[in-house]
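See below for the structure under consideration.
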Amino acid sequence: MPVSLPVRSRRPLVIPLLGAGLLLSGCAVWPAQDTGPAGAVKGRITLGFVNGGTTEFHTCLQESVERTAGRNGAHLLTANSRQDGATEVANIENMIARKVDALIVQTVDVDALKGDIAAARTADVPIFLTSVAPADTSALLGAVVVDLKEVGRLDAEWIERDAAGGEVEVGVIAGAPGAASDVLTGAFTRGLPDNARVVASRPGMYDPAKARTAAAAMIKARPDLDYAFVANEEMAFAARKAFDAAGGEDVKIVTVNGTDEALAALKRGSLAATVSNSAADTGELAVRNAVSLLRKDGRAERIEKTPVRLVTKENADTAPLYCPSRD
């Protein structure tokens, strides 16, 4: 449930970003559809949205996609892959069969998506990705990406500052192997200073129960653990309970997302830091840009970034809105 917080500036920061410094490269445009002299889609647009899971991020992303589609006069079909690659394939095939104008996909595994992109191109159904995208984006309509390398780096830099040169032990509770989690945790571990040593790493599969089990095993094996990096806040709350139950109250947790619950936890001190990457921003940018690229109106970049920001107790009151239903 949302936590009531003091009034603060938390409107979505949906600001068009320039092409310089993008996470991913690629500038080829999807082949023009035969819908008019200019190749632009005419009339009402039908979008398909294939979501990758049911975490709070996925739920808030879907709310944002649905709301923005409605505001832009687009018809929206939705499906959820529930962190299963085979289900994602079936969902995408179903959307293609329903002749959507474009597919917005929060993928389970960006590498496994290659075959789906090829199938969609054959059917003249362009794909627009959210959160992550392959290195070569030329086969995509576009993408709104979260710079996961930057997210991991920001959490690692906070630990570097907090440790102040002291020798510290760090644990990692990742998400599901593949796609976003590997990029995120890899960037975090590479960003740590030499005095911070990763002594344990376990997958939490974006499941609070599994994260709690992973954390309990971690603190039992490493009772002197100083910090834990947890790949999302839902897992971080579960890890906090496990650490506290085993006498690990002093373990400082850094995490990802920037939900209302996490901001309240930062103020209480149960979380040390998080990196805000608003699901509201990602969903709104995805729909707006997909529609603009289909219309070929020149208003959208093909590849944009969701703004990210390190949030601690000191600046929690000015963190951006995470979930559109809490506006």
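Starting from 1 in every chain, residues are counted up; chains themselves are A, B, ... following the order of the structure tokens, and ligands are numbered from 1 as listed.
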
>> Write out as a ChimeraX atom specification the set of residues from segment 114-226 of chain A that DSSP, computed on the backbone, places in helix (DSSP H, G or I).
In response: /A:114-122,148-163,179-191,208-221

Residue subset to file, keeping C-alpha atoms, as an mmCIF file, in the first residue's frame:
```cif
data_model
loop_
_atom_site.group_PDB
_atom_site.id
_atom_site.type_symbol
_atom_site.label_atom_id
_atom_site.label_comp_id
_atom_site.auth_asym_id
_atom_site.auth_seq_id
_atom_site.Cartn_x
_atom_site.Cartn_y
_atom_site.Cartn_z
ATOM 1 C CA LYS A 114 15.783 -11.953 -31.586
ATOM 2 C CA GLY A 115 13.584 -14.606 -33.192
ATOM 3 C CA ASP A 116 10.446 -12.705 -32.244
ATOM 4 C CA ILE A 117 11.801 -9.517 -33.813
ATOM 5 C CA ALA A 118 12.509 -11.415 -37.024
ATOM 6 C CA ALA A 119 8.997 -12.902 -37.052
ATOM 7 C CA ALA A 120 7.451 -9.506 -36.388
ATOM 8 C CA ARG A 121 9.411 -7.924 -39.238
ATOM 9 C CA THR A 122 8.200 -10.626 -41.596
ATOM 10 C CA LEU A 148 21.069 -0.227 -16.052
ATOM 11 C CA LYS A 149 24.823 0.237 -16.117
ATOM 12 C CA GLU A 150 24.339 3.718 -14.694
ATOM 13 C CA VAL A 151 21.884 2.390 -12.089
ATOM 14 C CA GLY A 152 24.363 -0.224 -10.882
ATOM 15 C CA ARG A 153 27.205 2.292 -10.925
ATOM 16 C CA LEU A 154 25.259 4.791 -8.788
ATOM 17 C CA ASP A 155 24.572 2.202 -6.074
ATOM 18 C CA ALA A 156 28.212 1.076 -6.150
ATOM 19 C CA GLU A 157 29.429 4.665 -5.843
ATOM 20 C CA TRP A 158 27.219 5.192 -2.802
ATOM 21 C CA ILE A 159 28.877 2.208 -1.102
ATOM 22 C CA GLU A 160 32.300 3.586 -2.035
ATOM 23 C CA ARG A 161 31.497 6.910 -0.362
ATOM 24 C CA ASP A 162 29.876 5.305 2.680
ATOM 25 C CA ALA A 163 32.692 2.807 3.243
ATOM 26 C CA ALA A 179 18.345 -9.515 -19.664
ATOM 27 C CA ALA A 180 18.094 -6.692 -17.122
ATOM 28 C CA SER A 181 19.402 -8.427 -14.003
ATOM 29 C CA ASP A 182 22.714 -9.514 -15.526
ATOM 30 C CA VAL A 183 23.433 -6.027 -16.863
ATOM 31 C CA LEU A 184 22.452 -4.389 -13.581
ATOM 32 C CA THR A 185 24.377 -6.638 -11.196
ATOM 33 C CA GLY A 186 27.382 -6.742 -13.524
ATOM 34 C CA ALA A 187 27.607 -2.954 -13.571
ATOM 35 C CA PHE A 188 27.227 -2.818 -9.794
ATOM 36 C CA THR A 189 30.034 -5.274 -9.081
ATOM 37 C CA ARG A 190 32.353 -3.622 -11.614
ATOM 38 C CA GLY A 191 31.645 -0.229 -10.046
ATOM 39 C CA PRO A 208 10.295 -11.653 -2.298
ATOM 40 C CA ALA A 209 10.029 -15.159 -0.798
ATOM 41 C CA LYS A 210 13.062 -16.369 -2.738
ATOM 42 C CA ALA A 211 14.943 -13.187 -1.913
ATOM 43 C CA ARG A 212 14.261 -13.696 1.779
ATOM 44 C CA THR A 213 15.586 -17.267 1.558
ATOM 45 C CA ALA A 214 18.673 -16.036 -0.300
ATOM 46 C CA ALA A 215 19.298 -13.317 2.273
ATOM 47 C CA ALA A 216 18.893 -15.726 5.198
ATOM 48 C CA ALA A 217 21.470 -18.083 3.699
ATOM 49 C CA MET A 218 23.778 -15.180 2.904
ATOM 50 C CA ILE A 219 23.829 -13.689 6.404
ATOM 51 C CA LYS A 220 24.248 -17.147 7.957
ATOM 52 C CA ALA A 221 27.326 -17.789 5.793
#
```

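Atom CA of Lys313 of chain A lies 17.2 Å from atom CA of Ala228 of chain A.
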
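For Thr46 of chain A, the residues within 12 Å (counting only C-alpha atoms, excluding itself and residues fewer than 6 positions away along the chain) are Ala69, Gly70, Asn72, Gly73, Ala74, His75, Leu76, Leu77, Thr78, Met95, Ile96, Arg98, Lys99, Val100, Asp101, Ala102, Leu103, Ile104, Val125, Pro126, Val287, Ala290, Val291 and Leu294 of chain A.
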
>> I need the residue nearest Ala79 of chain A from this list: A:Val50, A:Ala164, A:Ala239, A:Ile173. Use only C-alpha atoms for the distance.
In response: A:Val50

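Here atom CA of Ser81 of chain A stands at a distance of 19.1 Å from atom CA of Val145 of chain A.
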
> Quick one: residues within 10 Å of Lys252 of chain A, only C-alpha atoms counted, chain neighbours fewer than 6 positions away excluded, as a list in words?
Replying inline: Ile159, Asp162, Val170, Leu225, Asp226, Tyr227, Ala228, Phe229, Arg240, Phe243, Gly269, Ser270, Leu271, Ala272 and Ala273 of chain A

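In this model, the gap between atom CA of Arg44 of chain A and atom CA of Leu113 of chain A comes to 27.2 Å.
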
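Summary of the local environment: counting only C-alpha atoms, residues at most 10 Å from Val132 of chain A, other than itself and those fewer than 5 positions away along its chain, are Leu23, Leu24, Val105, Gln106, Thr107, Val108, Asp109, Val110, Ala143, Val144, Val145, Val146, Asp147, Leu148, Ala179, Ala180, Val183 and Lys305 of chain A.
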
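Comparing A:Asp224, A:Ala280, A:Thr259, A:Thr306 by their smallest distance to Gly247 of chain A, the closest is A:Asp224 (using only C-alpha atoms).
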
>> as number ranges by chain, please: every residue in segment 158-247 of chain A that a backbone DSSP assignment puts in strand (DSSP E).
In response: A: 168-174, 196-203, 227-230

> Which of these residues is nearest to Met205 of chain A, using only C-alpha atoms: A:Val254, A:Asp281, A:Arg295, A:Arg82?
Replying inline: A:Arg82

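With only C-alpha atoms as the atoms that count, the residue of A:Ala300, A:Leu293, A:Ala123, A:Leu266 with the shortest distance to Ala319 of chain A is A:Leu266.
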